[in-house]
Amino acid sequence: DENGDVVLPRNYQYTQQSHVDLEYMRNKLDALVAVEGIKGGWEGLEFVLEREPNKPAESGSKRITNLINKDMCFIKLITRPDLLAAIYHLMQDEFKLSAAGMREPLQGQGLQKIHVDWMPRDSTSDNFECLTCYFAVDDLTIDNGAISLISGTHKKNSYPNENLDTKKKHPDEISQELKAGDWLILNSLTWHRGNINRNGQRRRALFIEFRNRKLSQGLNQQLYLSDDVKNRLNDLEKWLLMVGIDFPTDTVRHLGAGEAYRRKYPDEVSAHEI
């Protein structure tokens with residue numbers, strides 16, 4: 001509540017019961033990157049790739065999105081009980097998975113501007129609506145580009161660039177190192193960034209966003225999940241993803257915070273920095 005973030009250490013009992021195999025996941029992610037190449041990370045924003053066929057989702061980083069549709073190993077991550085409890089504690093309302101992807105900065109690359117992953121609240125009395133959860137597939141260290149954040153900034157009702165130079169290191173910026181299998185649960189309004197991978201060690205991290213159930217998803221799961229995947233989901237997974245005949249299909253294919261931000265600051269940010 002105070003800091004805007006919490007770390008959940010790897011839960012060995014849950015990973016064994018749910019058959020979450022980190023080595024399998026690493027191999028699967030590498031295979032997806034090899035197959036998708038420059039197209040990786042563009043689901044929901046296909047029109048950008050149609051305009052610019054050789055444009056990477058993020059220069060200097062490997063990206064994969066729509067992970068829930070690409071292997072059941074990613075689905076099993078999202079039903080960890082203490083993860084779901086933390087999400088409810090933040091939102092105090094029903095929620096759903098918004099989007100799931102992977103980011104890995106290459107050596108010498110990966111520095112982002114300080115940013116938020118959702119739109120600031122109008123009032124401090126408004127509930128928080130969005131949570132970004134990072135799952136460490138590899139160890140995340142200062143040397144390979146661990147996420148850094150400025151604690152307590154989720155309470156501010158403004159964008160980072162209205163308060164500081166988002167390109168510069170901030171004196172209150174803290175790097176959050178993680179061991180493989182750990183979760184970093186981040187209030188999406190906490191000011192944060194990815195950092196440079198200085199030593200070139202593998203730094204694969206999943207970013208799984210959850211939103212208030214009343215909001216559209218970052219990636220419309222009903223539209224982007226195959227029938228085969230939908231048929232393999234249990235009731236809890238369907239509820240979290242809002243897929244199946246019990247849930248209406250949203251007409252919005254993709255909803256990110258970036259659209260509102262770019263309208264206000266058209267020269268400030270790239271498509272994948274917010």
# chains A, B, ... in the order shown; residues from 1 in each chain; ligands from 1
>>> residues_around(residues="A:Leu97", least_positions_apart="3", cutoff="12 Å", atoms="only C-alpha atoms", output="PyMOL selection string")
chain A and resi 66-68+75+77-79+84+87+94+100-101+129-133+207-222+236-243
>>> residues_around(residues="A:Lys70", least_positions_apart="5", cutoff="10 Å", atoms="only C-alpha atoms", output="list in words")
Lys28, Leu29, Leu32, Ile64, Thr65, Ile75, Leu225, Ser226 and Val229 of chain A
>>> select_by_dssp(residues="stretch 81-218 of chain A", states="strand (DSSP E or B)", output="PyMOL selection string")
chain A and resi 95-105+107+115+130-136+140+148-150+173-175+178+183-187+192-193+197+205-212
>>> write_last_selection(atoms="N, CA and C atoms", output="short mmCIF file (atom, residue, chain, number, x, y, z; two decimals), in the first residue's frame")
data_model
loop_
_atom_site.label_atom_id
_atom_site.label_comp_id
_atom_site.auth_asym_id
_atom_site.auth_seq_id
_atom_site.Cartn_x
_atom_site.Cartn_y
_atom_site.Cartn_z
N PHE A 95 -11.47 -8.36 -10.87
CA PHE A 95 -10.43 -8.02 -11.84
C PHE A 95 -10.34 -9.11 -12.91
N LYS A 96 -9.49 -8.88 -13.90
CA LYS A 96 -9.26 -9.86 -14.96
C LYS A 96 -7.85 -9.67 -15.50
N LEU A 97 -7.35 -10.69 -16.15
CA LEU A 97 -6.08 -10.55 -16.84
C LEU A 97 -6.28 -9.62 -18.04
N SER A 98 -5.34 -8.71 -18.21
CA SER A 98 -5.42 -7.75 -19.30
C SER A 98 -4.55 -8.16 -20.48
N ALA A 99 -3.30 -8.55 -20.20
CA ALA A 99 -2.37 -8.92 -21.27
C ALA A 99 -1.17 -9.64 -20.65
N ALA A 100 -0.48 -10.42 -21.46
CA ALA A 100 0.71 -11.14 -20.99
C ALA A 100 1.76 -11.17 -22.09
N GLY A 101 2.99 -10.76 -21.73
CA GLY A 101 4.06 -10.74 -22.71
C GLY A 101 5.41 -11.03 -22.08
N MET A 102 6.46 -10.98 -22.91
CA MET A 102 7.83 -11.21 -22.46
C MET A 102 8.72 -10.13 -23.04
N ARG A 103 9.68 -9.69 -22.22
CA ARG A 103 10.67 -8.71 -22.67
C ARG A 103 12.04 -9.16 -22.22
N GLU A 104 13.02 -9.11 -23.14
CA GLU A 104 14.41 -9.41 -22.81
C GLU A 104 15.33 -8.41 -23.50
N PRO A 105 15.93 -7.48 -22.76
CA PRO A 105 16.87 -6.54 -23.38
C PRO A 105 18.18 -7.23 -23.75
N GLN A 107 22.35 -7.17 -24.75
CA GLN A 107 23.50 -6.55 -24.09
C GLN A 107 23.70 -5.12 -24.61
N HIS A 115 8.38 5.64 -16.50
CA HIS A 115 7.02 5.70 -17.02
C HIS A 115 6.05 4.99 -16.08
N CYS A 130 -5.27 -0.95 -12.03
CA CYS A 130 -4.36 -1.71 -12.88
C CYS A 130 -3.12 -2.12 -12.10
N LEU A 131 -2.66 -3.34 -12.37
CA LEU A 131 -1.52 -3.91 -11.67
C LEU A 131 -0.64 -4.61 -12.70
N THR A 132 0.66 -4.36 -12.66
CA THR A 132 1.61 -5.03 -13.55
C THR A 132 2.44 -6.01 -12.73
N CYS A 133 2.42 -7.27 -13.13
CA CYS A 133 3.13 -8.32 -12.39
C CYS A 133 4.26 -8.85 -13.27
N TYR A 134 5.47 -8.78 -12.74
CA TYR A 134 6.65 -9.26 -13.47
C TYR A 134 7.07 -10.61 -12.90
N PHE A 135 7.21 -11.59 -13.77
CA PHE A 135 7.67 -12.92 -13.37
C PHE A 135 9.08 -13.12 -13.92
N ALA A 136 10.03 -13.37 -13.02
CA ALA A 136 11.42 -13.52 -13.42
C ALA A 136 11.68 -14.93 -13.96
N LEU A 140 17.06 -11.51 -12.31
CA LEU A 140 17.11 -10.11 -12.73
C LEU A 140 18.01 -9.37 -11.76
N SER A 148 13.77 -0.89 -12.18
CA SER A 148 13.94 0.05 -11.08
C SER A 148 12.65 0.85 -10.91
N LEU A 149 12.43 1.32 -9.70
CA LEU A 149 11.18 2.02 -9.39
C LEU A 149 11.42 3.09 -8.35
N ILE A 150 10.46 3.99 -8.24
CA ILE A 150 10.49 5.05 -7.23
C ILE A 150 9.31 4.81 -6.30
N GLU A 173 15.45 6.32 -7.05
CA GLU A 173 15.21 5.15 -7.90
C GLU A 173 15.92 3.92 -7.31
N ILE A 174 15.16 2.84 -7.15
CA ILE A 174 15.68 1.61 -6.53
C ILE A 174 15.58 0.47 -7.53
N SER A 175 16.67 -0.27 -7.73
CA SER A 175 16.64 -1.46 -8.59
C SER A 175 16.11 -2.64 -7.79
N LEU A 178 15.57 -9.72 -8.67
CA LEU A 178 14.71 -10.87 -8.47
C LEU A 178 15.47 -12.15 -8.80
N TRP A 183 8.09 -13.19 -8.22
CA TRP A 183 7.16 -12.21 -8.80
C TRP A 183 7.45 -10.84 -8.21
N LEU A 184 7.42 -9.81 -9.04
CA LEU A 184 7.34 -8.43 -8.58
C LEU A 184 5.95 -7.92 -8.93
N ILE A 185 5.16 -7.61 -7.90
CA ILE A 185 3.82 -7.07 -8.12
C ILE A 185 3.91 -5.56 -7.98
N LEU A 186 3.57 -4.86 -9.04
CA LEU A 186 3.78 -3.42 -9.11
C LEU A 186 2.46 -2.72 -9.40
N ASN A 187 2.10 -1.79 -8.53
CA ASN A 187 0.99 -0.90 -8.87
C ASN A 187 1.36 -0.21 -10.18
N HIS A 192 8.46 3.68 -12.90
CA HIS A 192 9.45 2.62 -13.03
C HIS A 192 10.05 2.61 -14.42
N ARG A 193 11.05 1.75 -14.62
CA ARG A 193 11.65 1.58 -15.94
C ARG A 193 12.46 0.28 -15.99
N ASN A 197 21.00 -3.81 -19.99
CA ASN A 197 21.64 -5.11 -19.74
C ASN A 197 23.14 -4.93 -20.02
N ALA A 205 11.92 -11.75 -18.72
CA ALA A 205 10.90 -11.48 -17.70
C ALA A 205 9.54 -11.39 -18.38
N LEU A 206 8.56 -12.01 -17.74
CA LEU A 206 7.18 -11.89 -18.23
C LEU A 206 6.55 -10.68 -17.56
N PHE A 207 5.74 -9.97 -18.30
CA PHE A 207 4.94 -8.90 -17.70
C PHE A 207 3.47 -9.23 -17.93
N ILE A 208 2.76 -9.43 -16.83
CA ILE A 208 1.37 -9.87 -16.88
C ILE A 208 0.54 -8.82 -16.17
N GLU A 209 -0.33 -8.20 -16.93
CA GLU A 209 -1.11 -7.08 -16.41
C GLU A 209 -2.53 -7.54 -16.04
N PHE A 210 -3.02 -7.04 -14.92
CA PHE A 210 -4.39 -7.28 -14.48
C PHE A 210 -5.09 -5.94 -14.35
N ARG A 211 -6.36 -5.90 -14.73
CA ARG A 211 -7.15 -4.67 -14.66
C ARG A 211 -8.49 -4.92 -13.99
N ASN A 212 -9.09 -3.82 -13.54
CA ASN A 212 -10.46 -3.87 -13.05
C ASN A 212 -11.34 -4.51 -14.13
#
>>> closest_residue(among="A:Leu83, A:Ala180, A:Leu106, A:Val6", to="A:Ser151", atoms="only C-alpha atoms")
A:Val6
>>> closest_residue(among="A:Gln112, A:Thr141, A:Asn231, A:Thr153", to="A:Glu177", atoms="only C-alpha atoms")
A:Thr141
>>> closest_residue(among="A:Ala260, A:Cys73, A:Ala34, A:Ala146", to="A:Met119", atoms="only C-alpha atoms")
A:Ala260
>>> atom_distance(atom1="atom CA of A:Gln201", atom2="atom CA of A:Gly110")
12.6 Å
>>> atom_distance(atom1="atom CA of A:Val116", atom2="atom CA of A:Leu189")
5.1 Å
>>> atom_distance(atom1="atom CA of A:Ile147", atom2="atom CA of A:Lys62")
15.8 Å
>>> select_by_dssp(residues="stretch 22-200 of chain A", states="helix (DSSP H, G or I)", output="PyMOL selection string")
chain A and resi 22-39+46-51+67-69+72-79+81-91+153-155+160-162
>>> decode(residues="stretch 10-58 of chain A", atoms="C-alpha atoms", output="CSV table (one decimal), in the first residue's frame")
chain,number,residue,atom,x,y,z
A,10,ARG,CA,9.3,-18.4,-5.7
A,11,ASN,CA,6.7,-20.8,-4.4
A,12,TYR,CA,8.2,-24.2,-4.9
A,13,GLN,CA,5.1,-26.1,-3.7
A,14,TYR,CA,2.8,-24.2,-6.1
A,15,THR,CA,5.2,-24.5,-9.1
A,16,GLN,CA,5.5,-28.3,-8.6
A,17,GLN,CA,1.7,-28.8,-8.1
A,18,SER,CA,1.0,-26.6,-11.2
A,19,HIS,CA,3.8,-28.1,-13.3
A,20,VAL,CA,5.5,-24.7,-13.8
A,21,ASP,CA,8.9,-25.7,-15.2
A,22,LEU,CA,11.3,-22.8,-15.6
A,23,GLU,CA,13.6,-24.5,-18.0
A,24,TYR,CA,10.7,-25.6,-20.2
A,25,MET,CA,9.5,-22.0,-20.2
A,26,ARG,CA,12.9,-20.6,-21.1
A,27,ASN,CA,13.1,-23.0,-24.1
A,28,LYS,CA,9.6,-22.1,-25.2
A,29,LEU,CA,10.3,-18.4,-25.1
A,30,ASP,CA,13.4,-18.8,-27.1
A,31,ALA,CA,11.6,-20.9,-29.7
A,32,LEU,CA,8.8,-18.3,-30.0
A,33,VAL,CA,11.4,-15.5,-30.5
A,34,ALA,CA,13.1,-17.6,-33.2
A,35,VAL,CA,9.8,-18.2,-35.0
A,36,GLU,CA,8.2,-14.7,-34.7
A,37,GLY,CA,11.3,-12.6,-35.1
A,38,ILE,CA,10.5,-9.0,-35.8
A,39,LYS,CA,6.8,-9.7,-35.7
A,40,GLY,CA,7.0,-10.6,-32.0
A,41,GLY,CA,5.2,-8.2,-29.7
A,42,TRP,CA,2.7,-6.7,-32.2
A,43,GLU,CA,-0.6,-8.5,-31.4
A,44,GLY,CA,-3.3,-6.0,-31.0
A,45,LEU,CA,-1.2,-3.4,-32.9
A,46,GLU,CA,-1.0,-5.2,-36.3
A,47,PHE,CA,-1.8,-2.0,-38.1
A,48,VAL,CA,1.6,-0.6,-37.1
A,49,LEU,CA,3.4,-3.5,-38.6
A,50,GLU,CA,1.4,-3.3,-41.7
A,51,ARG,CA,2.6,0.3,-42.1
A,52,GLU,CA,6.2,-0.4,-41.2
A,53,PRO,CA,6.9,-4.2,-41.8
A,54,ASN,CA,10.5,-4.0,-40.5
A,55,LYS,CA,9.7,-2.1,-37.3
A,56,PRO,CA,10.6,-4.0,-34.1
A,57,ALA,CA,8.2,-3.8,-31.2
A,58,GLU,CA,11.1,-2.4,-29.2
